[in-house]
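Have a look at input.cif below; it lists mmCIF, C-alpha atoms.
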data_upload
#
loop_
_atom_site.label_atom_id
_atom_site.label_comp_id
_atom_site.auth_asym_id
_atom_site.auth_seq_id
_atom_site.Cartn_x
_atom_site.Cartn_y
_atom_site.Cartn_z
CA MET I 211 78.13 -68.61 -121.88
CA GLY I 212 77.34 -65.03 -120.91
CA VAL I 213 75.22 -63.77 -118.08
CA GLU I 214 72.16 -63.44 -120.29
CA GLY I 215 72.57 -66.96 -121.59
CA LEU I 216 73.01 -68.34 -118.08
CA THR I 217 69.95 -66.42 -116.91
CA THR I 218 67.90 -67.80 -119.77
CA TYR I 219 69.10 -71.34 -119.05
CA VAL I 220 68.30 -71.15 -115.32
CA ALA I 221 64.93 -69.52 -116.04
CA ALA I 222 64.09 -72.37 -118.40
CA ILE I 223 64.94 -74.89 -115.69
CA LEU I 224 62.77 -73.09 -113.13
CA HIS I 225 59.92 -72.83 -115.62
CA GLY I 226 60.12 -76.54 -116.36
CA VAL I 227 60.17 -77.43 -112.67
CA ALA I 228 57.22 -75.15 -111.91
CA GLN I 229 55.10 -76.45 -114.77
CA ASN I 230 55.86 -80.07 -113.89
CA LEU I 231 54.64 -79.38 -110.36
CA MET I 232 51.23 -78.26 -111.62
CA VAL I 233 49.65 -81.71 -111.82
CA PRO I 234 51.07 -82.99 -108.48
CA THR I 235 49.88 -79.79 -106.79
CA MET I 236 46.37 -80.24 -108.13
CA ILE I 237 46.35 -83.89 -107.03
CA VAL I 238 47.47 -82.90 -103.53
CA LEU I 239 44.72 -80.28 -103.35
CA VAL I 240 42.11 -82.86 -104.33
CA LEU I 241 43.43 -85.20 -101.61
CA LEU I 242 43.30 -82.37 -99.07
CA ILE I 243 39.67 -81.67 -99.98
CA VAL I 244 38.88 -85.38 -99.55
CA PHE I 245 40.66 -85.36 -96.19
CA ALA I 246 38.67 -82.30 -95.11
CA LEU I 247 35.42 -84.10 -95.94
CA PHE I 248 36.68 -87.14 -94.04
CA CYS I 249 37.38 -84.91 -91.01
CA VAL I 250 33.83 -83.58 -91.11
CA GLY I 251 32.49 -87.12 -91.17
CA SER I 252 34.81 -88.23 -88.39
CA ILE I 253 33.85 -85.40 -86.06
CA ILE I 254 30.15 -86.08 -86.69
CA THR I 255 30.78 -89.73 -85.87
CA GLU I 256 32.65 -88.69 -82.74
CA ILE I 257 29.68 -86.59 -81.65
CA PHE I 258 27.31 -89.56 -81.85
CA THR I 259 29.72 -92.05 -80.31
CA GLU I 260 32.02 -90.49 -77.71
CA ARG I 261 30.43 -87.11 -77.00
CA LYS I 262 26.91 -88.53 -76.78
CA HIS I 263 27.95 -91.08 -74.16
CA PHE I 264 30.34 -88.86 -72.24
CA LYS I 265 28.09 -87.83 -69.38
CA ALA I 266 30.46 -88.27 -66.50
CA ASN I 267 29.43 -86.53 -63.31
CA VAL I 268 32.91 -85.82 -61.97
CA PRO I 269 31.91 -84.67 -58.44
CA ARG I 270 29.77 -87.78 -58.01
CA ILE I 271 32.55 -90.11 -59.19
CA ILE I 272 35.05 -88.45 -56.86
CA ASN I 273 32.66 -88.80 -53.92
CA GLU I 274 31.99 -92.44 -54.77
CA ILE I 275 35.73 -93.16 -54.91
CA HIS I 276 36.10 -91.47 -51.53
CA ASP I 277 33.20 -93.32 -49.90
CA VAL I 278 33.40 -96.89 -51.27
CA ASP I 279 35.59 -99.66 -49.96
CA TYR I 280 38.94 -100.12 -51.68
CA LYS I 281 37.86 -103.32 -53.42
CA ASP I 282 34.93 -101.46 -55.02
CA VAL I 283 36.92 -98.58 -56.52
CA GLU I 284 37.41 -100.53 -59.75
CA LYS I 285 33.65 -101.00 -60.06
CA VAL I 286 33.09 -97.26 -59.67
CA VAL I 287 35.51 -96.51 -62.49
CA SER I 288 34.23 -99.29 -64.75
CA ARG I 289 30.56 -98.34 -64.55
CA SER I 290 31.15 -94.59 -64.92
CA ALA I 291 30.25 -92.78 -68.16
CA LEU I 292 33.88 -92.06 -68.97
CA LEU I 293 35.54 -92.64 -72.31
CA ASN I 294 37.54 -95.82 -72.88
CA PRO I 295 40.98 -94.10 -72.86
CA GLN I 296 40.12 -92.48 -69.54
CA LYS I 297 38.83 -95.71 -68.05
CA GLN I 298 41.91 -97.65 -69.12
CA ALA I 299 44.22 -95.06 -67.59
CA LEU I 300 42.29 -94.98 -64.32
CA LEU I 301 41.97 -98.76 -64.10
CA MET I 302 45.73 -99.05 -64.50
CA ILE I 303 46.11 -96.95 -61.35
CA VAL I 304 43.36 -98.80 -59.46
CA ARG I 305 44.98 -102.17 -60.18
CA ASN I 306 48.39 -100.92 -59.02
CA MET I 307 47.37 -98.96 -55.91
CA GLY I 308 49.66 -101.15 -53.85
CA LEU I 309 52.74 -99.46 -55.27
CA SER I 310 54.70 -96.94 -53.25
CA GLU I 311 53.56 -93.32 -53.34
CA ASP I 312 56.33 -92.19 -55.70
CA ASP I 313 55.92 -95.16 -58.04
CA LEU I 314 52.16 -94.75 -58.20
CA PHE I 315 52.52 -91.03 -58.90
CA ALA I 316 55.00 -91.78 -61.70
CA LEU I 317 52.61 -94.36 -63.16
CA ALA I 318 49.77 -91.83 -63.05
CA LYS I 319 51.91 -89.31 -64.92
CA THR I 320 52.69 -91.86 -67.64
CA GLN I 321 49.01 -92.75 -68.05
CA ILE I 322 48.02 -89.10 -68.34
CA ALA I 323 50.82 -88.50 -70.85
CA LYS I 324 49.68 -91.54 -72.85
CA VAL I 325 46.11 -90.26 -73.18
CA ASP I 326 47.34 -86.73 -73.91
CA ASP I 327 49.66 -88.07 -76.62
CA ARG I 328 46.74 -89.91 -78.21
CA TYR I 329 44.74 -86.71 -78.45
CA LYS I 330 47.73 -84.76 -79.75
CA ARG I 331 48.23 -87.30 -82.54
CA ILE I 332 44.62 -86.89 -83.61
CA LEU I 333 44.90 -83.09 -83.57
CA SER I 334 48.21 -83.09 -85.45
CA HIS I 335 46.56 -84.39 -88.63
CA THR I 336 44.17 -81.47 -89.04
CA GLU I 337 46.73 -78.98 -87.75
CA GLN I 338 49.15 -80.00 -90.52
CA VAL I 339 46.44 -79.69 -93.16
CA THR I 340 45.63 -76.21 -91.83
CA LYS I 341 49.21 -75.17 -92.61
CA ILE I 342 49.76 -77.14 -95.82
CA ALA I 343 46.48 -76.44 -97.65
CA PRO I 344 46.98 -72.65 -98.07
CA MET I 345 50.54 -73.25 -99.34
CA MET I 346 49.35 -75.73 -101.94
CA GLY I 347 46.54 -73.37 -102.92
CA LEU I 348 49.06 -70.59 -103.43
CA MET I 349 51.24 -72.85 -105.56
CA CYS I 350 48.25 -73.83 -107.66
CA THR I 351 47.49 -70.10 -108.05
CA LEU I 352 50.96 -68.94 -109.09
CA ILE I 353 52.03 -71.79 -111.37
CA PRO I 354 49.40 -71.25 -114.12
CA LEU I 355 49.70 -67.44 -113.96
CA GLY I 356 53.03 -67.53 -115.84
CA PRO I 357 51.61 -69.17 -118.97
CA GLY I 358 48.50 -67.06 -118.55
CA ILE I 359 50.47 -63.82 -118.70
CA VAL I 360 52.35 -65.06 -121.77
CA ALA I 361 49.05 -65.99 -123.42
CA MET I 362 47.66 -62.53 -122.64
CA GLY I 363 50.67 -60.95 -124.37
CA GLN I 364 50.04 -63.11 -127.42
CA GLY I 365 46.33 -62.36 -127.48
CA GLU I 366 45.26 -65.93 -126.63
CA VAL I 367 42.23 -65.19 -124.53
CA THR I 368 41.20 -68.83 -124.21
CA GLN I 369 44.56 -69.85 -122.72
CA LEU I 370 44.45 -66.87 -120.37
CA SER I 371 40.95 -67.79 -119.21
CA MET I 372 41.96 -71.40 -118.50
CA SER I 373 45.03 -70.30 -116.54
CA LEU I 374 43.01 -67.88 -114.41
CA LEU I 375 40.32 -70.51 -113.83
CA ILE I 376 42.86 -73.05 -112.57
CA ALA I 377 44.50 -70.40 -110.39
CA PHE I 378 41.25 -69.33 -108.72
CA ASP I 379 40.03 -72.91 -108.28
CA GLY I 380 43.32 -73.85 -106.61
CA THR I 381 43.05 -70.92 -104.22
CA VAL I 382 39.49 -71.81 -103.26
CA ALA I 383 40.32 -75.51 -102.79
CA GLY I 384 43.28 -74.74 -100.53
CA LEU I 385 41.29 -72.28 -98.41
CA VAL I 386 38.33 -74.63 -98.05
CA ALA I 387 40.55 -77.48 -96.85
CA ALA I 388 42.34 -75.15 -94.44
CA VAL I 389 39.14 -73.65 -93.00
CA VAL I 390 37.49 -77.04 -92.46
CA SER I 391 40.61 -78.43 -90.79
CA LEU I 392 40.92 -75.32 -88.62
CA LEU I 393 37.32 -75.62 -87.39
CA VAL I 394 37.69 -79.35 -86.68
CA THR I 395 40.92 -78.71 -84.79
CA ALA I 396 39.35 -75.94 -82.69
CA VAL I 397 36.35 -78.08 -81.73
CA ARG I 398 38.45 -81.10 -80.84
CA LYS I 399 40.92 -79.04 -78.83
CA ARG I 400 38.07 -77.84 -76.62
CA TRP I 401 36.74 -81.38 -76.20
CA TYR I 402 40.10 -82.97 -75.48
CA ALA I 403 41.09 -80.26 -73.00
CA HIS I 404 37.93 -81.05 -71.04
CA TYR I 405 38.68 -84.79 -71.19
CA MET I 406 42.17 -84.22 -69.79
CA ILE I 407 40.88 -82.03 -66.95
CA VAL I 408 38.45 -84.78 -65.95
CA LEU I 409 41.16 -87.44 -66.13
CA GLU I 410 43.59 -85.44 -63.99
CA ALA I 411 40.92 -84.76 -61.37
CA LEU I 412 40.01 -88.44 -61.07
CA MET I 413 43.69 -89.45 -61.01
CA THR I 414 44.21 -87.14 -58.05
CA SER I 415 41.25 -88.72 -56.30
CA LEU I 416 42.67 -92.22 -56.80
CA LEU I 417 46.10 -91.17 -55.55
CA ASP I 418 44.49 -89.74 -52.40
CA LYS I 419 42.56 -92.99 -51.93
CA ALA I 420 45.75 -95.01 -52.20
CA SER I 421 47.50 -92.69 -49.74
CA ALA I 422 44.69 -93.13 -47.22
CA ALA I 423 44.96 -96.91 -47.60
CA ARG I 424 48.69 -96.86 -46.92
CA ILE I 425 48.13 -94.80 -43.78
CA ALA I 426 45.47 -97.28 -42.63
CA GLY I 427 47.85 -100.20 -43.24
CA ILE I 428 45.67 -101.82 -45.90
CA LYS I 429 47.39 -103.99 -48.49
CA LEU I 430 46.38 -102.98 -52.01
CA PRO I 431 46.87 -104.82 -55.34
CA HIS I 432 49.70 -104.22 -57.78
CA ASN I 433 51.67 -106.12 -60.44
CA TYR I 434 49.11 -105.31 -63.15
CA TYR I 435 50.91 -104.82 -66.46
CA GLU I 436 49.87 -102.89 -69.51
CA THR I 437 50.83 -105.77 -71.78
CA GLU I 438 47.75 -107.63 -70.61
CA MET I 439 45.60 -104.77 -71.85
CA HIS I 440 47.50 -104.58 -75.13
CA ALA I 441 47.15 -108.31 -75.70
CA THR I 442 43.38 -108.07 -75.34
CA GLU I 443 43.22 -104.99 -77.57
CA SER I 444 45.12 -106.83 -80.30
CA LYS I 445 42.60 -109.66 -80.15
CA VAL I 446 39.76 -107.18 -80.49
CA SER I 447 41.41 -105.48 -83.47
CA LYS I 448 41.79 -108.88 -85.18
CA GLY I 449 38.15 -109.77 -84.56
CA ILE I 450 38.91 -112.60 -82.11
CA LEU I 451 36.95 -110.93 -79.32
CA PRO I 452 33.92 -108.65 -79.60
CA GLU I 453 34.82 -105.08 -78.73
CA ILE I 454 31.96 -104.73 -76.30
CA GLU I 455 33.55 -107.38 -74.09
CA THR I 456 36.99 -105.74 -73.99
CA GLU I 457 36.53 -104.12 -70.63
CA GLU I 458 35.38 -107.34 -69.01
CA CYS I 459 38.10 -109.42 -70.65
CA ILE I 460 40.93 -107.26 -69.40
CA LYS I 461 39.61 -107.18 -65.87
CA ARG I 462 41.58 -109.02 -63.28
CA GLU I 463 40.14 -109.72 -59.92
CA SER I 464 42.22 -108.05 -57.25
CA VAL I 465 42.37 -109.44 -53.75
CA ILE I 466 42.54 -106.79 -51.07
CA GLU I 467 43.51 -108.06 -47.68
CA PRO I 468 42.92 -105.65 -44.84
CA GLN I 469 45.62 -105.59 -42.24
CA PRO I 470 45.07 -104.42 -38.72
CA ALA I 471 46.53 -101.03 -38.04
CA LYS I 472 49.40 -101.02 -35.68
CA GLY I 473 48.56 -99.62 -32.32
#
Full structure transcribed into structure tokens:
Amino acid sequence: MGVEGLTTYVAAILHGVAQNLMVPTMIVLVLLIVFALFCVGSIITEIFTERKHFKANVPRIINEIHDVDYKDVEKVVSRSALLNPQKQALLMIVRNMGLSEDDLFALAKTQIAKVDDRYKRILSHTEQVTKIAPMMGLMCTLIPLGPGIVAMGQGEVTQLSMSLLIAFDGTVAGLVAAVVSLLVTAVRKRWYAHYMIVLEALMTSLLDKASAARIAGIKLPHNYYETEMHATESKVSKGILPEIETEECIKRESVIEPQPAKG
């Protein structure tokens, strides 16, 4: 087999692969468009659920944490207008304020990282679509152009028109999915950055409260485990418990026994 024959053989293989990818590429583009519409619906839902109820006055909460007795800190966090992930992270610290300073600080870091990881997972979906959609649109543009050019050389105007139509539609579909995902990602990044700033500020306030208690010789609660929270969440997800009662069900009364400061 000469060079020309080998070139023809390889070109035929590439042509077959490219043409066989046409239908999967179009299906992926349709799925990306559906996902983009889902993202629009999800962010609208998020506006009327989380954003509408997120009216936390951070300075007021910090002052309340500073002023109330140690046994009432959990009530301050529970009745605040924070989001559920923020409340769960803060309540984990409140219920383990009796730990040593280093252990409590490490626990606070893990809770912040847990909430941050949750937000990053949500953002990763639209970020990936932002990158993938233009690539799929380009594939859907280039694949039909080959047969279209051949049809133009043979004078088949109808085939050329169909190829160009598919190419342009694929480009538009990929760009639409990418633009929608990009806008959703940008909006959520701004929201989630604000949520994390609020969480870190309140975490710092709780750590300072625990430090003041240790200096005063007050015994604070600890031995609260995250598995208790997970067990309740699993019951909620299975429909065993109503979701509105989750916060109350995972609460555990903490006994705080003041100890006299050493003279």
Please identify all polymer residues within 7 Å of region 354-363 of chain I, counting only C-alpha atoms, omitting same-chain residues fewer than 3 positions from it, and present them as a tab-separated table (two decimals) with C-alpha atoms, in the frame of the given file.
chain	number	residue	atom	x	y	z
I	351	THR	CA	47.49	-70.10	-108.05
I	366	GLU	CA	45.26	-65.93	-126.63
I	367	VAL	CA	42.23	-65.19	-124.53
I	369	GLN	CA	44.56	-69.85	-122.72
I	370	LEU	CA	44.45	-66.87	-120.37
I	373	SER	CA	45.03	-70.30	-116.54
I	374	LEU	CA	43.01	-67.88	-114.41
I	376	ILE	CA	42.86	-73.05	-112.57
I	377	ALA	CA	44.50	-70.40	-110.39
Legend entry - Polymer residues at most 12 Å from His404 (chain I), only C-alpha atoms, same-chain spacing of 6 or more positions, as number ranges by chain: I: 261, 264, 266, 268, 292-293, 296, 326, 329, 397-398, 410-411
Please produce an output containing C-alpha atoms for each residue in the selection, written as a PDB file, in the frame of the given file.
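Below is the file that was written, part_14.pdb:
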ATOM      1  CA  ARG I 261      30.430 -87.110 -77.000  1.00  0.00           C
ATOM      2  CA  PHE I 264      30.340 -88.860 -72.240  1.00  0.00           C
ATOM      3  CA  ALA I 266      30.460 -88.270 -66.500  1.00  0.00           C
ATOM      4  CA  VAL I 268      32.910 -85.820 -61.970  1.00  0.00           C
ATOM      5  CA  LEU I 292      33.880 -92.060 -68.970  1.00  0.00           C
ATOM      6  CA  LEU I 293      35.540 -92.640 -72.310  1.00  0.00           C
ATOM      7  CA  GLN I 296      40.120 -92.480 -69.540  1.00  0.00           C
ATOM      8  CA  ASP I 326      47.340 -86.730 -73.910  1.00  0.00           C
ATOM      9  CA  TYR I 329      44.740 -86.710 -78.450  1.00  0.00           C
ATOM     10  CA  VAL I 397      36.350 -78.080 -81.730  1.00  0.00           C
ATOM     11  CA  ARG I 398      38.450 -81.100 -80.840  1.00  0.00           C
ATOM     12  CA  GLU I 410      43.590 -85.440 -63.990  1.00  0.00           C
ATOM     13  CA  ALA I 411      40.920 -84.760 -61.370  1.00  0.00           C
TER      14      ALA I 411
END
Inset, instruction - Can you work out which one of I:Ser288, I:Asn294, I:Asn433, I:Thr255 has the shortest atom-to-atom distance to Tyr405 (chain I), counting all atoms listed in the file? - result: I:Asn294
Inset, instruction - Work out how far apart CA of Lys319 (chain I) and CA of Tyr435 (chain I) are and give it in Å to one decimal. - result: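 These atoms are spaced 15.6 Å apart.
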Inset, instruction - List the neighbours of Arg289 (chain I) out to 12 Å using all atoms listed in the file; skip same-chain residues closer than 4 positions along the sequence, and give me the result as number ranges by chain. - result: I: 265-267, 271, 274, 282-285, 293-294, 297, 301, 457-458
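Distances to Ile425 (chain I) were evaluated for I:Lys399, I:Thr336, I:Glu311, I:Ala316 using only C-alpha atoms, and the minimum falls at I:Glu311.
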Inset, instruction - List the residues selected by the PyMOL selection byres ((chain I and resi 243) around 9) in the file shown, writing them as a PyMOL selection string. - result: chain I and resi 238-242+244-248+343+383-384+386-388
Once you have the residues from the selection above, write them out as a PDB file, in the frame of the given file, restricted to C-alpha atoms.
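Contents of selection_39.pdb, freshly written:
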ATOM      1  CA  VAL I 238      47.470 -82.900-103.530  1.00  0.00           C
ATOM      2  CA  LEU I 239      44.720 -80.280-103.350  1.00  0.00           C
ATOM      3  CA  VAL I 240      42.110 -82.860-104.330  1.00  0.00           C
ATOM      4  CA  LEU I 241      43.430 -85.200-101.610  1.00  0.00           C
ATOM      5  CA  LEU I 242      43.300 -82.370 -99.070  1.00  0.00           C
ATOM      6  CA  VAL I 244      38.880 -85.380 -99.550  1.00  0.00           C
ATOM      7  CA  PHE I 245      40.660 -85.360 -96.190  1.00  0.00           C
ATOM      8  CA  ALA I 246      38.670 -82.300 -95.110  1.00  0.00           C
ATOM      9  CA  LEU I 247      35.420 -84.100 -95.940  1.00  0.00           C
ATOM     10  CA  PHE I 248      36.680 -87.140 -94.040  1.00  0.00           C
ATOM     11  CA  ALA I 343      46.480 -76.440 -97.650  1.00  0.00           C
ATOM     12  CA  ALA I 383      40.320 -75.510-102.790  1.00  0.00           C
ATOM     13  CA  GLY I 384      43.280 -74.740-100.530  1.00  0.00           C
ATOM     14  CA  VAL I 386      38.330 -74.630 -98.050  1.00  0.00           C
ATOM     15  CA  ALA I 387      40.550 -77.480 -96.850  1.00  0.00           C
ATOM     16  CA  ALA I 388      42.340 -75.150 -94.440  1.00  0.00           C
TER      17      ALA I 388
END
Legend entry - Shortest interatomic distance to Asp327 (chain I) - which of I:Pro295, I:Gly308, I:Gly347, I:Gly215, counting all atoms listed in the file: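 Result for the nearest residue to Asp327 (chain I): I:Pro295.
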Legend entry - Pick from I:Asp279, I:Ile353, I:Ser371, I:Ser310 nearest to His225 (chain I), counting all atoms listed in the file: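 Of all the options, I:Ile353 lies closest to His225 (chain I).
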Inset, instruction - Run through the PyMOL selection byres ((chain I and resi 303) around 8) on the given coordinates and return the selected residues as JSON, numbers by chain. - result: {"I": [299, 300, 301, 302, 304, 305, 306, 307, 314, 317, 318, 413, 416]}
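Reported to one decimal place, the separation of CA of Pro344 (chain I) from CA of Leu385 (chain I) is 5.7 Å.
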Report the centre and edge lengths, in Å to one decimal, of an axis-aligned box enclosing every atom of region 402-416 of chain I listed in the file, padded by 6 Å on each side, as JSON.
{"center_x": 41.1, "center_y": -86.2, "center_z": -65.9, "size_x": 18.3, "size_y": 24.0, "size_z": 31.2}
Legend entry - Straight-line distance linking CA of Ser421 (chain I) with CA of Pro269 (chain I), stated in Å to one decimal: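 Interatomic distance here is 19.6 Å.
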Legend entry - From I:Leu412, I:Leu224, I:Ala403, I:Ile237, residue lying nearest Asn273 (chain I) [only C-alpha atoms]: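 Smallest separation from Asn273 (chain I) among the options: I:Leu412.
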Legend entry - Which of I:Gln364, I:Thr340, I:Thr320, I:Thr414 sits closest to Leu392 (chain I) [using all atoms listed in the file]: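 The closest residue to Leu392 (chain I) is I:Thr340.
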Legend entry - Contact residues around Ile332 (chain I) with all atoms listed in the file at 12 Å, ignoring same-chain residues under 5 positions, as a count of residues only: 14
Reconstruct region 253-282 of chain I at the level of N, CA and C atoms, and format the result as a CSV table (one decimal), in the coordinates of the input.
chain,number,residue,atom,x,y,z
I,253,ILE,N,34.3,-86.1,-87.2
I,253,ILE,CA,33.8,-85.4,-86.1
I,253,ILE,C,32.4,-85.6,-85.8
I,254,ILE,N,31.6,-85.8,-86.9
I,254,ILE,CA,30.2,-86.1,-86.7
I,254,ILE,C,30.0,-87.5,-86.0
I,255,THR,N,30.8,-88.4,-86.5
I,255,THR,CA,30.8,-89.7,-85.9
I,255,THR,C,31.2,-89.7,-84.4
I,256,GLU,N,32.2,-88.8,-84.1
I,256,GLU,CA,32.6,-88.7,-82.7
I,256,GLU,C,31.6,-88.1,-81.9
I,257,ILE,N,30.8,-87.2,-82.4
I,257,ILE,CA,29.7,-86.6,-81.6
I,257,ILE,C,28.7,-87.7,-81.2
I,258,PHE,N,28.3,-88.6,-82.1
I,258,PHE,CA,27.3,-89.6,-81.8
I,258,PHE,C,27.9,-90.8,-81.2
I,259,THR,N,29.2,-90.9,-81.0
I,259,THR,CA,29.7,-92.0,-80.3
I,259,THR,C,30.3,-91.6,-79.0
I,260,GLU,N,31.4,-90.9,-79.0
I,260,GLU,CA,32.0,-90.5,-77.7
I,260,GLU,C,31.3,-89.4,-77.0
I,261,ARG,N,31.0,-88.3,-77.7
I,261,ARG,CA,30.4,-87.1,-77.0
I,261,ARG,C,29.0,-87.4,-76.5
I,262,LYS,N,28.3,-88.2,-77.2
I,262,LYS,CA,26.9,-88.5,-76.8
I,262,LYS,C,26.9,-89.3,-75.5
I,263,HIS,N,27.9,-90.2,-75.3
I,263,HIS,CA,28.0,-91.1,-74.2
I,263,HIS,C,28.8,-90.5,-73.0
I,264,PHE,N,29.5,-89.4,-73.3
I,264,PHE,CA,30.3,-88.9,-72.2
I,264,PHE,C,29.5,-88.0,-71.3
I,265,LYS,N,28.9,-88.6,-70.3
I,265,LYS,CA,28.1,-87.8,-69.4
I,265,LYS,C,28.6,-88.0,-67.9
I,266,ALA,N,29.9,-88.0,-67.8
I,266,ALA,CA,30.5,-88.3,-66.5
I,266,ALA,C,30.2,-87.1,-65.5
I,267,ASN,N,29.6,-87.5,-64.4
I,267,ASN,CA,29.4,-86.5,-63.3
I,267,ASN,C,30.7,-86.6,-62.4
I,268,VAL,N,31.6,-85.7,-62.6
I,268,VAL,CA,32.9,-85.8,-62.0
I,268,VAL,C,32.8,-85.7,-60.5
I,269,PRO,N,32.0,-84.7,-59.9
I,269,PRO,CA,31.9,-84.7,-58.4
I,269,PRO,C,31.3,-86.0,-57.8
I,270,ARG,N,30.4,-86.5,-58.5
I,270,ARG,CA,29.8,-87.8,-58.0
I,270,ARG,C,30.8,-88.9,-58.0
I,271,ILE,N,31.6,-89.0,-59.1
I,271,ILE,CA,32.6,-90.1,-59.2
I,271,ILE,C,33.6,-89.9,-58.1
I,272,ILE,N,34.0,-88.7,-57.9
I,272,ILE,CA,35.0,-88.4,-56.9
I,272,ILE,C,34.5,-88.8,-55.5
I,273,ASN,N,33.3,-88.5,-55.2
I,273,ASN,CA,32.7,-88.8,-53.9
I,273,ASN,C,32.5,-90.3,-53.8
I,274,GLU,N,32.1,-91.0,-54.9
I,274,GLU,CA,32.0,-92.4,-54.8
I,274,GLU,C,33.3,-93.1,-54.5
I,275,ILE,N,34.4,-92.6,-55.2
I,275,ILE,CA,35.7,-93.2,-54.9
I,275,ILE,C,36.1,-92.9,-53.5
I,276,HIS,N,35.8,-91.8,-52.9
I,276,HIS,CA,36.1,-91.5,-51.5
I,276,HIS,C,35.3,-92.3,-50.5
I,277,ASP,N,34.1,-92.7,-50.9
I,277,ASP,CA,33.2,-93.3,-49.9
I,277,ASP,C,33.3,-94.8,-50.0
I,278,VAL,N,33.5,-95.4,-51.2
I,278,VAL,CA,33.4,-96.9,-51.3
I,278,VAL,C,34.6,-97.6,-50.7
I,279,ASP,N,34.5,-98.9,-50.4
I,279,ASP,CA,35.6,-99.7,-50.0
I,279,ASP,C,36.6,-99.8,-51.1
I,280,TYR,N,37.9,-100.1,-50.7
I,280,TYR,CA,38.9,-100.1,-51.7
I,280,TYR,C,38.7,-101.2,-52.8
I,281,LYS,N,38.1,-102.3,-52.4
I,281,LYS,CA,37.9,-103.3,-53.4
I,281,LYS,C,36.8,-102.9,-54.4
I,282,ASP,N,36.0,-101.9,-54.1
I,282,ASP,CA,34.9,-101.5,-55.0
I,282,ASP,C,35.3,-100.3,-55.9
